[in-house]
$ cat target-v6.cif   # mmCIF, C-alpha atoms
data_start
loop_
_atom_site.label_atom_id
_atom_site.label_comp_id
_atom_site.auth_asym_id
_atom_site.auth_seq_id
_atom_site.Cartn_x
_atom_site.Cartn_y
_atom_site.Cartn_z
CA MET W 23 16.11 -8.01 -8.65
CA SER W 24 16.80 -11.70 -8.48
CA THR W 25 13.25 -12.81 -7.91
CA ASP W 26 10.99 -13.63 -10.85
CA ALA W 27 8.05 -12.45 -8.73
CA LEU W 28 8.99 -8.89 -9.65
CA VAL W 29 9.02 -7.41 -13.15
CA ASP W 30 10.14 -3.95 -14.24
CA ILE W 31 8.59 -1.38 -16.54
CA ASP W 32 10.63 -2.56 -19.54
CA TRP W 33 9.36 -6.11 -19.04
CA ALA W 34 5.80 -4.80 -18.86
CA VAL W 35 6.22 -2.79 -22.07
CA ALA W 36 7.74 -5.82 -23.82
CA HIS W 37 4.81 -8.02 -22.74
CA ALA W 38 2.01 -5.59 -23.62
CA GLY W 39 -0.32 -7.51 -25.89
CA ASP W 40 1.06 -10.92 -24.89
CA PRO W 41 -2.11 -13.05 -24.81
CA LYS W 42 -0.88 -15.10 -21.84
CA VAL W 43 -0.07 -12.06 -19.69
CA VAL W 44 -2.92 -10.32 -17.88
CA PHE W 45 -2.22 -6.98 -16.24
CA VAL W 46 -4.43 -6.34 -13.22
CA GLU W 47 -4.73 -2.92 -11.56
CA VAL W 48 -5.61 -2.80 -7.86
CA ASP W 49 -5.92 0.57 -6.15
CA GLU W 50 -6.98 2.12 -2.92
CA ASP W 51 -8.47 4.94 -5.01
CA VAL W 52 -10.78 2.71 -7.01
CA SER W 53 -11.53 5.51 -9.50
CA ALA W 54 -7.88 5.58 -10.65
CA TYR W 55 -8.34 2.73 -13.13
CA ASP W 56 -11.24 4.43 -14.88
CA LYS W 57 -9.19 7.61 -15.38
CA GLY W 58 -6.53 5.61 -17.20
CA HIS W 59 -4.87 2.21 -16.99
CA ILE W 60 -2.24 0.12 -18.77
CA ALA W 61 -3.65 -1.06 -22.11
CA GLY W 62 -5.45 -4.37 -21.69
CA ALA W 63 -5.39 -4.28 -17.89
CA VAL W 64 -8.43 -5.40 -15.92
CA LYS W 65 -9.44 -3.90 -12.59
CA LEU W 66 -9.88 -5.50 -9.21
CA ASP W 67 -11.56 -3.44 -6.52
CA TRP W 68 -9.79 -4.36 -3.29
CA LYS W 69 -12.95 -3.76 -1.29
CA ASP W 70 -15.88 -4.73 -3.53
CA ASP W 71 -14.15 -7.65 -5.23
CA LEU W 72 -11.72 -9.00 -2.64
CA GLN W 73 -13.64 -8.62 0.64
CA ASP W 74 -16.68 -10.57 1.79
CA PRO W 75 -19.63 -8.16 1.59
CA VAL W 76 -20.94 -9.11 5.07
CA ARG W 77 -18.25 -10.63 7.30
CA ARG W 78 -14.80 -9.12 7.75
CA ASP W 79 -12.87 -11.65 5.67
CA PHE W 80 -11.65 -12.58 2.23
CA VAL W 81 -14.01 -13.81 -0.41
CA ASP W 82 -14.02 -17.60 -0.14
CA GLN W 83 -12.53 -20.03 -2.66
CA ALA W 84 -15.73 -20.21 -4.74
CA GLY W 85 -15.97 -16.42 -4.70
CA PHE W 86 -12.38 -16.05 -5.90
CA GLU W 87 -13.05 -18.57 -8.68
CA ALA W 88 -16.14 -16.64 -9.79
CA LEU W 89 -14.28 -13.33 -9.67
CA LEU W 90 -11.31 -14.47 -11.78
CA SER W 91 -13.57 -16.33 -14.21
CA ALA W 92 -15.62 -13.17 -14.75
CA ARG W 93 -12.47 -11.10 -15.30
CA GLY W 94 -11.30 -13.53 -17.95
CA ILE W 95 -8.23 -14.73 -16.04
CA GLY W 96 -7.24 -18.34 -16.66
CA ASN W 97 -5.27 -20.68 -14.41
CA ASP W 98 -2.34 -20.72 -16.84
CA ASP W 99 -2.23 -16.95 -17.37
CA THR W 100 0.66 -14.89 -16.04
CA VAL W 101 -0.94 -12.27 -13.79
CA VAL W 102 0.95 -8.99 -13.38
CA LEU W 103 -0.38 -6.83 -10.57
CA TYR W 104 0.20 -3.11 -10.25
CA GLY W 105 -1.46 -0.19 -8.56
CA GLY W 106 -1.18 3.15 -6.84
CA ASN W 107 0.02 3.91 -3.32
CA ASN W 108 3.39 2.29 -4.01
CA ASN W 109 1.69 -0.99 -4.85
CA TRP W 110 0.12 -1.46 -1.39
CA PHE W 111 -3.08 -2.95 -2.70
CA ALA W 112 -1.35 -4.64 -5.62
CA ALA W 113 0.96 -6.36 -3.11
CA TYR W 114 -2.11 -7.27 -1.07
CA ALA W 115 -3.69 -8.77 -4.20
CA TYR W 116 -0.42 -10.57 -4.99
CA TRP W 117 -0.49 -12.17 -1.54
CA TYR W 118 -4.18 -12.97 -2.03
CA PHE W 119 -3.49 -14.69 -5.40
CA LYS W 120 -0.80 -16.72 -3.59
CA VAL W 121 -3.26 -17.64 -0.83
CA TYR W 122 -5.52 -19.14 -3.50
CA GLY W 123 -2.60 -20.80 -5.29
CA HIS W 124 -2.35 -18.95 -8.60
CA ALA W 125 0.65 -20.46 -10.37
CA ASP W 126 2.26 -17.47 -12.06
CA VAL W 127 1.73 -14.08 -10.47
CA LYS W 128 4.08 -11.11 -10.58
CA LEU W 129 4.23 -7.60 -9.22
CA LEU W 130 5.19 -4.63 -11.41
CA ASP W 131 8.09 -2.93 -9.60
CA GLY W 132 7.12 0.66 -8.77
CA GLY W 133 3.53 0.10 -9.82
CA ARG W 134 1.42 2.84 -11.27
CA LYS W 135 3.64 5.61 -9.91
CA LYS W 136 6.78 4.41 -11.68
CA TRP W 137 4.74 3.87 -14.85
CA GLU W 138 3.44 7.45 -14.69
CA LEU W 139 6.81 8.97 -13.73
CA GLU W 140 8.27 7.38 -16.85
CA SER W 141 5.42 8.91 -18.89
CA LYS W 142 4.22 5.53 -20.12
CA PRO W 143 0.81 5.54 -21.79
CA LEU W 144 -2.47 5.00 -19.95
CA THR W 145 -5.75 4.38 -21.70
CA THR W 146 -9.43 4.60 -20.78
CA GLU W 147 -10.32 1.92 -23.32
CA VAL W 148 -12.76 -0.60 -21.91
CA VAL W 149 -11.22 -4.06 -21.58
CA ASP W 150 -13.43 -7.04 -22.25
CA ARG W 151 -11.84 -10.44 -21.78
CA PRO W 152 -13.92 -13.56 -22.46
CA ALA W 153 -14.93 -15.36 -19.28
CA THR W 154 -12.91 -18.37 -18.14
CA THR W 155 -13.56 -21.25 -15.78
CA TYR W 156 -11.02 -20.53 -13.06
CA THR W 157 -10.20 -23.12 -10.42
CA ALA W 158 -8.64 -21.88 -7.17
CA LYS W 159 -6.79 -24.00 -4.65
CA PRO W 160 -7.94 -24.16 -1.02
CA ALA W 161 -6.69 -21.11 0.92
CA ASP W 162 -3.03 -21.51 1.96
CA SER W 163 -2.97 -20.79 5.69
CA SER W 164 0.85 -20.90 5.79
CA ILE W 165 1.09 -17.28 4.64
CA ARG W 166 -1.87 -15.79 6.55
CA ALA W 167 -1.87 -15.16 10.30
CA LEU W 168 -5.06 -15.03 12.35
CA ARG W 169 -5.37 -13.27 15.70
CA ASP W 170 -4.77 -16.26 17.97
CA GLU W 171 -1.55 -17.08 16.15
CA VAL W 172 -0.47 -13.48 16.58
CA SER W 173 -1.11 -13.56 20.32
CA ALA W 174 0.82 -16.83 20.53
CA ALA W 175 3.71 -15.32 18.57
CA ILE W 176 4.37 -12.57 21.17
CA GLY W 177 7.81 -13.13 22.67
CA ARG W 178 8.50 -16.04 20.32
CA ASP W 179 8.44 -14.97 16.66
CA ASN W 180 9.38 -11.80 14.84
CA LEU W 181 6.50 -9.35 14.85
CA VAL W 182 7.07 -6.65 12.27
CA ASP W 183 4.89 -3.57 12.56
CA VAL W 184 5.17 -1.83 9.21
CA ARG W 185 3.12 1.27 10.05
CA SER W 186 4.64 4.72 10.43
CA PRO W 187 6.53 5.51 13.68
CA ASP W 188 3.61 7.72 14.81
CA GLU W 189 1.12 4.90 14.38
CA PHE W 190 3.49 2.44 16.07
CA ALA W 191 3.96 4.72 19.07
CA GLY W 192 0.23 5.35 19.38
CA ARG W 193 0.28 9.03 18.41
CA LEU W 194 -1.80 8.37 15.29
CA LEU W 195 -4.35 5.67 14.47
CA ALA W 196 -4.05 5.84 10.68
CA PRO W 197 -1.63 7.09 8.03
CA ALA W 198 -1.31 10.86 7.86
CA HIS W 199 -3.20 11.21 4.59
CA LEU W 200 -6.24 9.26 5.74
CA PRO W 201 -9.00 10.21 8.21
CA GLN W 202 -8.03 9.39 11.79
CA GLU W 203 -10.31 6.54 12.77
CA GLN W 204 -10.26 2.77 13.20
CA SER W 205 -9.10 0.69 16.16
CA GLN W 206 -10.34 1.26 19.70
CA ARG W 207 -6.84 1.66 21.12
CA PRO W 208 -3.56 3.00 19.71
CA GLY W 209 -0.17 1.37 20.15
CA HIS W 210 1.52 -1.81 18.97
CA ILE W 211 1.85 -5.51 19.79
CA PRO W 212 4.44 -6.00 22.57
CA GLY W 213 7.88 -6.79 21.23
CA ALA W 214 7.05 -5.79 17.67
CA LYS W 215 9.83 -4.19 15.66
CA ASN W 216 8.81 -1.06 13.77
CA VAL W 217 10.07 -1.24 10.20
CA PRO W 218 7.83 1.10 8.21
CA TRP W 219 6.96 -0.43 4.83
CA ALA W 220 8.29 2.67 3.09
CA LYS W 221 11.84 1.89 4.20
CA ALA W 222 11.71 -1.06 1.80
CA ALA W 223 10.90 1.19 -1.14
CA ASN W 224 12.66 3.89 -3.12
CA GLU W 225 10.81 7.17 -3.60
CA ASP W 226 9.69 6.13 -7.08
CA GLY W 227 7.93 3.13 -5.54
CA THR W 228 10.40 0.44 -6.64
CA PHE W 229 11.80 -1.95 -4.06
CA LYS W 230 15.28 -1.45 -2.69
CA SER W 231 17.93 -4.02 -3.58
CA ALA W 232 17.90 -7.41 -1.86
CA ASP W 233 21.14 -6.53 -0.02
CA GLU W 234 19.68 -3.25 1.26
CA LEU W 235 16.50 -5.04 2.30
CA ALA W 236 18.34 -7.81 4.15
CA SER W 237 20.34 -5.29 6.17
CA LEU W 238 17.24 -3.17 6.83
CA TYR W 239 15.38 -5.97 8.64
CA GLU W 240 18.42 -7.45 10.36
CA GLY W 241 19.44 -3.98 11.52
CA ALA W 242 15.99 -3.54 13.05
CA GLY W 243 16.33 -6.78 15.01
CA VAL W 244 14.20 -9.03 12.81
CA ASP W 245 15.91 -12.39 13.30
CA PRO W 246 16.12 -14.29 9.99
CA ALA W 247 16.16 -17.59 11.88
CA LYS W 248 12.70 -17.02 13.37
CA ASP W 249 9.21 -17.19 11.92
CA THR W 250 7.72 -13.78 11.14
CA VAL W 251 4.32 -12.10 11.25
CA ALA W 252 3.93 -8.74 9.50
CA TYR W 253 1.04 -6.41 10.28
CA CYS W 254 -0.12 -2.85 9.68
CA ARG W 255 -3.58 -1.29 9.98
CA ILE W 256 -5.67 -3.37 7.57
CA GLY W 257 -3.11 -5.73 6.06
CA GLU W 258 -2.21 -4.05 2.78
CA ARG W 259 1.03 -2.28 3.75
CA SER W 260 2.09 -5.46 5.55
CA ALA W 261 1.42 -7.41 2.33
CA HIS W 262 4.08 -5.15 0.79
CA THR W 263 6.51 -6.18 3.55
CA TRP W 264 5.40 -9.82 3.28
CA PHE W 265 6.36 -9.61 -0.40
CA VAL W 266 9.81 -8.29 0.55
CA LEU W 267 10.50 -10.92 3.20
CA HIS W 268 8.93 -13.94 1.49
CA GLU W 269 9.32 -13.26 -2.23
CA ILE W 270 12.42 -11.05 -2.55
CA LEU W 271 14.47 -12.27 0.42
CA GLY W 272 13.07 -15.80 0.23
CA ARG W 273 12.49 -16.16 3.97
CA PRO W 274 10.33 -19.17 4.85
CA ASN W 275 7.48 -18.94 7.34
CA VAL W 276 6.43 -15.34 6.86
CA LYS W 277 2.76 -14.57 7.43
CA ASN W 278 0.71 -11.49 6.75
CA TYR W 279 -1.74 -10.63 9.54
CA ASP W 280 -4.52 -8.98 7.55
CA GLY W 281 -6.67 -8.40 10.64
CA SER W 282 -3.81 -6.12 11.65
CA TRP W 283 -4.12 -3.21 14.05
CA THR W 284 -7.80 -2.55 13.37
CA GLU W 285 -8.46 -6.00 14.80
CA TYR W 286 -5.71 -6.30 17.41
CA GLY W 287 -6.23 -2.76 18.71
CA SER W 288 -9.92 -3.54 19.29
CA LEU W 289 -9.50 -6.91 21.05
CA VAL W 290 -10.46 -7.10 24.72
CA GLY W 291 -7.74 -8.11 27.13
CA VAL W 292 -4.73 -8.35 24.84
CA PRO W 293 -1.43 -6.68 25.79
CA ILE W 294 -0.53 -3.40 24.08
CA GLU W 295 2.66 -1.38 24.18
CA LEU W 296 2.81 2.39 23.72
CA GLY W 297 5.74 4.57 22.76
CA ASP W 298 8.63 4.37 20.34
CA MET Y 9 -15.65 34.95 -5.33
CA GLY Y 10 -16.82 33.42 -2.08
CA CYS Y 11 -15.80 29.97 -3.23
CA ALA Y 12 -12.16 30.84 -3.77
CA PRO Y 13 -9.78 28.48 -2.00
CA PRO Y 14 -7.91 29.86 1.00
CA ALA Y 15 -4.41 31.25 0.59
CA GLY Y 16 -2.05 28.55 -0.54
CA GLY Y 17 -4.91 26.50 -1.87
CA VAL Y 18 -5.30 24.18 1.12
CA SER Y 19 -8.75 22.64 0.86
CA LEU Y 20 -10.31 22.33 4.30
CA GLU Y 21 -13.44 20.50 3.22
CA GLY Y 22 -14.44 17.93 5.82
CA VAL Y 23 -11.64 18.83 8.22
CA ASP Y 24 -12.22 19.61 11.90
CA LEU Y 25 -9.52 22.21 12.53
CA ALA Y 26 -9.93 21.87 16.29
CA LYS Y 27 -8.66 18.29 16.03
CA GLU Y 28 -6.57 18.07 12.88
CA THR Y 29 -3.23 19.47 11.85
CA VAL Y 30 -3.35 20.24 8.16
CA ILE Y 31 -0.49 20.52 5.70
CA GLY Y 32 -1.46 21.30 2.14
CA GLY Y 33 -0.99 23.44 -0.90
CA ARG Y 34 -0.50 23.20 -4.62
CA VAL Y 35 2.15 21.95 -7.00
CA ARG Y 36 2.87 24.46 -9.76
CA LEU Y 37 5.13 24.80 -12.75
CA GLY Y 38 5.56 28.26 -14.18
CA GLY Y 39 2.52 29.36 -12.17
CA ASN Y 40 0.31 26.62 -13.64
CA PRO Y 41 -1.12 23.77 -11.54
CA VAL Y 42 0.45 20.33 -11.97
CA ALA Y 43 -2.20 17.61 -11.70
CA GLY Y 44 -1.22 14.02 -10.98
CA ALA Y 45 2.02 14.85 -9.18
CA TYR Y 46 3.07 12.55 -6.34
CA VAL Y 47 3.47 14.43 -3.06
CA ARG Y 48 5.30 12.71 -0.22
CA LEU Y 49 5.20 13.90 3.40
CA LEU Y 50 8.47 13.22 5.24
CA ASP Y 51 8.99 13.61 8.98
CA SER Y 52 11.76 15.63 10.61
CA GLY Y 53 14.11 12.64 10.24
CA GLY Y 54 13.38 12.44 6.52
CA ASP Y 55 11.29 9.29 6.88
CA PHE Y 56 8.22 8.74 4.71
CA THR Y 57 4.87 9.39 6.37
CA GLY Y 58 2.34 9.61 3.57
CA GLU Y 59 1.82 10.19 -0.11
CA VAL Y 60 -1.01 11.71 -2.11
CA VAL Y 61 -1.55 12.65 -5.75
CA THR Y 62 -2.45 16.23 -6.69
CA ASP Y 63 -5.93 16.96 -8.01
CA GLU Y 64 -6.83 18.81 -11.20
CA ALA Y 65 -5.99 22.12 -9.54
CA GLY Y 66 -2.61 20.81 -8.43
CA GLY Y 67 -3.87 20.68 -4.84
CA PHE Y 68 -2.92 18.25 -2.08
CA ARG Y 69 -3.55 17.88 1.64
CA PHE Y 70 -2.24 15.83 4.54
CA LEU Y 71 -3.58 15.42 8.06
CA ALA Y 72 -0.53 15.24 10.30
CA ARG Y 73 0.49 16.49 13.73
CA PRO Y 74 2.28 19.64 14.86
CA GLY Y 75 5.99 19.74 14.10
CA GLU Y 76 8.59 20.05 11.39
CA TRP Y 77 7.99 18.21 8.14
CA SER Y 78 9.10 18.31 4.56
CA VAL Y 79 7.15 17.80 1.37
CA ARG Y 80 8.74 16.04 -1.62
CA VAL Y 81 7.14 16.21 -5.05
CA LEU Y 82 7.76 13.77 -7.93
CA SER Y 83 6.24 14.18 -11.37
CA PRO Y 84 7.18 13.55 -14.99
CA LYS Y 85 7.52 17.33 -15.29
CA GLY Y 86 10.09 17.61 -12.51
CA SER Y 87 10.64 17.21 -8.81
CA GLY Y 88 11.01 19.51 -5.83
CA SER Y 89 10.76 19.75 -2.08
CA ARG Y 90 10.27 22.21 0.76
CA ALA Y 91 10.27 22.32 4.54
CA VAL Y 92 7.08 23.13 6.42
CA ILE Y 93 6.13 23.71 10.06
CA ALA Y 94 2.66 22.49 11.03
CA GLU Y 95 0.51 23.76 13.91
CA LEU Y 96 -2.85 22.60 15.19
CA GLY Y 97 -5.70 24.71 13.87
CA LEU Y 98 -3.56 26.67 11.42
CA PRO Y 99 -3.33 25.01 8.00
CA ALA Y 100 0.30 25.03 6.86
CA ASP Y 101 0.90 26.08 3.26
CA ALA Y 102 3.32 23.72 1.54
CA THR Y 103 2.94 24.90 -2.04
CA VAL Y 104 5.82 23.68 -4.21
CA ASP Y 105 6.99 25.34 -7.41
CA LEU Y 106 8.83 22.86 -9.60
#

$ encode --input "target-v6.cif" --output "structure tokens"
Amino acid sequence: MSTDALVDIDWAVAHAGDPKVVFVEVDEDVSAYDKGHIAGAVKLDWKDDLQDPVRRDFVDQAGFEALLSARGIGNDDTVVLYGGNNNWFAAYAYWYFKVYGHADVKLLDGGRKKWELESKPLTTEVVDRPATTYTAKPADSSIRALRDEVSAAIGRDNLVDVRSPDEFAGRLLAPAHLPQEQSQRPGHIPGAKNVPWAKAANEDGTFKSADELASLYEGAGVDPAKDTVAYCRIGERSAHTWFVLHEILGRPNVKNYDGSWTEYGSLVGVPIELGD
Amino acid sequence: MGCAPPAGGVSLEGVDLAKETVIGGRVRLGGNPVAGAYVRLLDSGGDFTGEVVTDEAGGFRFLARPGEWSVRVLSPKGSGSRAVIAELGLPADATVDL
């Protein structure tokens, strides 16, 4: 990979114990970390730590500062994110760290799956990093799409729906391994191109090569000359695709719509398309 | 042994069989369960649909829809795959022996 946003397992092994590198595990299954994690890694709970406890939104800038300070992450630390589910939530956290302007953040290619498949060690040792005084930047709205921008983008920008074909067509409301619930209506945003996130990944969870990725999106009709909004169900799979388009392929003007289908598919009066 | 899992080991806890199409089973090696294996559900075109990790008993389960699927297993102990046909109301056994 050409991008320095992505590091491989060998890099991670070589930097284990580096005092300026902080490994951070982010999972959908929040019990995974406690069963075993990379030595020295701290845990972020994508729901309890990264979501506002009342409103549907991020934690605010002060909340992010308090969170990273408590985890012992400093502004000049290199943060390496990894997690299960092919790095969905780690990619979401990566995007989140970028929203709040962390200088040096990386994603471990293949995440927890690749680490386990290579039989690398996991530990249950409790990690205690001394608290820091972390300073976040104001949220960067250039990489986050809100619903009105998404409505305005219909027919103008690339809309990339990264859910499975069944979710895109409206036959399912959620991925096949999760309970079927969520938005009021199935379907997709009119004109969206369906490029399931998994097409960007190899089966071991690593990203495909930049050349393969470029032809994947162009072949699906995602015009590299246009601005792009990626969405899924709750914004974590689309963070994975945002990482591909913005960090690996270096496309400018790519936004993740974290409201995603659970918001859009519940809005009154917006257009919806059904079918493949 | 009233608590024994159904044939194939598909856990149906919390599943409404009238609404859900279940694909599940166990991952085994030499007859022993393989915990922590990655199980990928692929559609009839070979495209990824979902992925779960096997439990301590080597068990896994997907909620899908009727049709032809395949299950692909990755683990440090080996890999394997099998085809499976899913029907509503009739849990499909997709047990994989590595």

$ atom_distance --input "target-v6.cif" --atom1 "atom CA of W:Ser91" --atom2 "atom CA of W:Val276"
29.1 Å

$ closest_residue --input "target-v6.cif" --among "Y:Thr29, Y:Ser78, Y:Ser89, Y:Asn40" --to "Y:Ser52" --atoms "all atoms listed in the file"
Y:Ser78

$ closest_atom_pairs --input "target-v6.cif" --of "chain Y" --to "stretch 131-149 of chain W" --cutoff "10 Å" --atoms "only C-alpha atoms" --output "JSON lines"
{"residue": "Y:Gly44", "atom": "CA", "partner": "W:Glu138", "partner_atom": "CA", "distance": 8.9}
{"residue": "Y:Ala45", "atom": "CA", "partner": "W:Leu139", "partner_atom": "CA", "distance": 8.8}
{"residue": "Y:Tyr46", "atom": "CA", "partner": "W:Lys135", "partner_atom": "CA", "distance": 7.8}
{"residue": "Y:Val61", "atom": "CA", "partner": "W:Lys135", "partner_atom": "CA", "distance": 9.7}
{"residue": "Y:Leu82", "atom": "CA", "partner": "W:Leu139", "partner_atom": "CA", "distance": 7.6}
{"residue": "Y:Ser83", "atom": "CA", "partner": "W:Leu139", "partner_atom": "CA", "distance": 5.7}
{"residue": "Y:Pro84", "atom": "CA", "partner": "W:Leu139", "partner_atom": "CA", "distance": 4.8}
{"residue": "Y:Lys85", "atom": "CA", "partner": "W:Leu139", "partner_atom": "CA", "distance": 8.5}
{"residue": "Y:Gly86", "atom": "CA", "partner": "W:Leu139", "partner_atom": "CA", "distance": 9.3}

$ write_last_selection --input "target-v6.cif" --atoms "C-alpha atoms" --output "mmCIF file, keeping the file's coordinate frame"
data_model
loop_
_atom_site.group_PDB
_atom_site.id
_atom_site.type_symbol
_atom_site.label_atom_id
_atom_site.label_comp_id
_atom_site.auth_asym_id
_atom_site.auth_seq_id
_atom_site.Cartn_x
_atom_site.Cartn_y
_atom_site.Cartn_z
ATOM 1 C CA GLY Y 44 -1.220 14.020 -10.980
ATOM 2 C CA ALA Y 45 2.020 14.850 -9.180
ATOM 3 C CA TYR Y 46 3.070 12.550 -6.340
ATOM 4 C CA VAL Y 61 -1.550 12.650 -5.750
ATOM 5 C CA LEU Y 82 7.760 13.770 -7.930
ATOM 6 C CA SER Y 83 6.240 14.180 -11.370
ATOM 7 C CA PRO Y 84 7.180 13.550 -14.990
ATOM 8 C CA LYS Y 85 7.520 17.330 -15.290
ATOM 9 C CA GLY Y 86 10.090 17.610 -12.510
#

$ closest_residue --input "target-v6.cif" --among "Y:Leu71, Y:Ala100, Y:Val81, Y:Ile31" --to "chain W" --atoms "all atoms listed in the file"
Y:Leu71

$ axis_aligned_box --input "target-v6.cif" --around "stretch 223-241 of chain W" --padding-each-side "3 Å" --output "AutoDock Vina command-line options"
--center_x 14.5 --center_y -0.3 --center_z 2.2 --size_x 19.2 --size_y 21.0 --size_z 24.6

$ closest_residue --input "target-v6.cif" --among "Y:Gly33, Y:Gly39, Y:Gly66, Y:Gly22" --to "chain W" --atoms "only C-alpha atoms"
Y:Gly22

$ atom_distance --input "target-v6.cif" --atom1 "atom CA of Y:Val30" --atom2 "atom CA of W:Trp283"
24.2 Å

$ resolve_selection --input "target-v6.cif" --expression "the PyMOL selection byres ((chain Y and resi 59) around 8)" --output "NGL selection string"
(:W and (107 or 199)) or (:Y and (46-49 or 57-58 or 60-61))

$ atom_distance --input "target-v6.cif" --atom1 "atom CA of W:Ile211" --atom2 "atom CA of W:Glu171"
12.6 Å

$ resolve_selection --input "target-v6.cif" --expression "the PyMOL selection byres ((chain Y and resi 67) around 10)" --output "number ranges by chain"
Y: 16-19, 32-36, 41-45, 47, 60-66, 68-69, 103

$ write_last_selection --input "target-v6.cif" --atoms "C-alpha atoms" --output "PDB file, in the frame of the given file"
ATOM      1  CA  GLY Y  16      -2.050  28.550  -0.540  1.00  0.00           C
ATOM      2  CA  GLY Y  17      -4.910  26.500  -1.870  1.00  0.00           C
ATOM      3  CA  VAL Y  18      -5.300  24.180   1.120  1.00  0.00           C
ATOM      4  CA  SER Y  19      -8.750  22.640   0.860  1.00  0.00           C
ATOM      5  CA  GLY Y  32      -1.460  21.300   2.140  1.00  0.00           C
ATOM      6  CA  GLY Y  33      -0.990  23.440  -0.900  1.00  0.00           C
ATOM      7  CA  ARG Y  34      -0.500  23.200  -4.620  1.00  0.00           C
ATOM      8  CA  VAL Y  35       2.150  21.950  -7.000  1.00  0.00           C
ATOM      9  CA  ARG Y  36       2.870  24.460  -9.760  1.00  0.00           C
ATOM     10  CA  PRO Y  41      -1.120  23.770 -11.540  1.00  0.00           C
ATOM     11  CA  VAL Y  42       0.450  20.330 -11.970  1.00  0.00           C
ATOM     12  CA  ALA Y  43      -2.200  17.610 -11.700  1.00  0.00           C
ATOM     13  CA  GLY Y  44      -1.220  14.020 -10.980  1.00  0.00           C
ATOM     14  CA  ALA Y  45       2.020  14.850  -9.180  1.00  0.00           C
ATOM     15  CA  VAL Y  47       3.470  14.430  -3.060  1.00  0.00           C
ATOM     16  CA  VAL Y  60      -1.010  11.710  -2.110  1.00  0.00           C
ATOM     17  CA  VAL Y  61      -1.550  12.650  -5.750  1.00  0.00           C
ATOM     18  CA  THR Y  62      -2.450  16.230  -6.690  1.00  0.00           C
ATOM     19  CA  ASP Y  63      -5.930  16.960  -8.010  1.00  0.00           C
ATOM     20  CA  GLU Y  64      -6.830  18.810 -11.200  1.00  0.00           C
ATOM     21  CA  ALA Y  65      -5.990  22.120  -9.540  1.00  0.00           C
ATOM     22  CA  GLY Y  66      -2.610  20.810  -8.430  1.00  0.00           C
ATOM     23  CA  PHE Y  68      -2.920  18.250  -2.080  1.00  0.00           C
ATOM     24  CA  ARG Y  69      -3.550  17.880   1.640  1.00  0.00           C
ATOM     25  CA  THR Y 103       2.940  24.900  -2.040  1.00  0.00           C
TER      26      THR Y 103
END

$ residues_near_point --input "target-v6.cif" --point "(14.5, 8.8, 11.2)" --cutoff "12 Å" --atoms "all atoms listed in the file" --output "ChimeraX atom specification"
/W:186-188,216-218,220-221,298 /Y:50-57,77

$ resolve_selection --input "target-v6.cif" --expression "the PyMOL selection byres ((chain Y and resi 75) around 9)" --output "ChimeraX atom specification"
/Y:51-52,72-74,76-77,92-95

$ residues_near_point --input "target-v6.cif" --point "(0.1, -18.0, 17.5)" --cutoff "12 Å" --atoms "only C-alpha atoms" --output "CSV table (one decimal) with C-alpha atoms, keeping the file's coordinate frame"
chain,number,residue,atom,x,y,z
W,166,ARG,CA,-1.9,-15.8,6.6
W,167,ALA,CA,-1.9,-15.2,10.3
W,168,LEU,CA,-5.1,-15.0,12.4
W,169,ARG,CA,-5.4,-13.3,15.7
W,170,ASP,CA,-4.8,-16.3,18.0
W,171,GLU,CA,-1.6,-17.1,16.2
W,172,VAL,CA,-0.5,-13.5,16.6
W,173,SER,CA,-1.1,-13.6,20.3
W,174,ALA,CA,0.8,-16.8,20.5
W,175,ALA,CA,3.7,-15.3,18.6
W,176,ILE,CA,4.4,-12.6,21.2
W,177,GLY,CA,7.8,-13.1,22.7
W,178,ARG,CA,8.5,-16.0,20.3
W,179,ASP,CA,8.4,-15.0,16.7
W,180,ASN,CA,9.4,-11.8,14.8
W,181,LEU,CA,6.5,-9.4,14.8
W,249,ASP,CA,9.2,-17.2,11.9
W,250,THR,CA,7.7,-13.8,11.1
W,251,VAL,CA,4.3,-12.1,11.2
W,277,LYS,CA,2.8,-14.6,7.4
W,279,TYR,CA,-1.7,-10.6,9.5

$ closest_residue --input "target-v6.cif" --among "W:His124, W:Arg207, W:Lys65, W:Arg259" --to "chain Y" --atoms "only C-alpha atoms"
W:Arg259

$ residues_around --input "target-v6.cif" --residues "W:Gly209" --least-positions-apart "3" --cutoff "9 Å" --atoms "only C-alpha atoms" --output "VMD selection string"
chain W and resid 189 to 195 283 287 294 to 297

$ closest_residue --input "target-v6.cif" --among "W:Pro160, W:Gly213, W:Gly227, W:Gly291" --to "chain Y" --atoms "all atoms listed in the file"
W:Gly227

$ closest_residue --input "target-v6.cif" --among "Y:Asp24, Y:Pro99, Y:Leu37, Y:Arg90" --to "chain W" --atoms "only C-alpha atoms"
Y:Asp24

$ residues_around --input "target-v6.cif" --residues "W:Glu258" --least-positions-apart "3" --cutoff "8 Å" --atoms "only C-alpha atoms" --output "list in words"
Trp110, Phe111, Ala113, Tyr114, Cys254, Arg255, Ala261, His262 and Asp280 of chain W

$ residues_around --input "target-v6.cif" --residues "W:Asp98" --least-positions-apart "5" --cutoff "8 Å" --atoms "all atoms listed in the file" --output "MDAnalysis selection string"
chainID W and resid 42 125:126
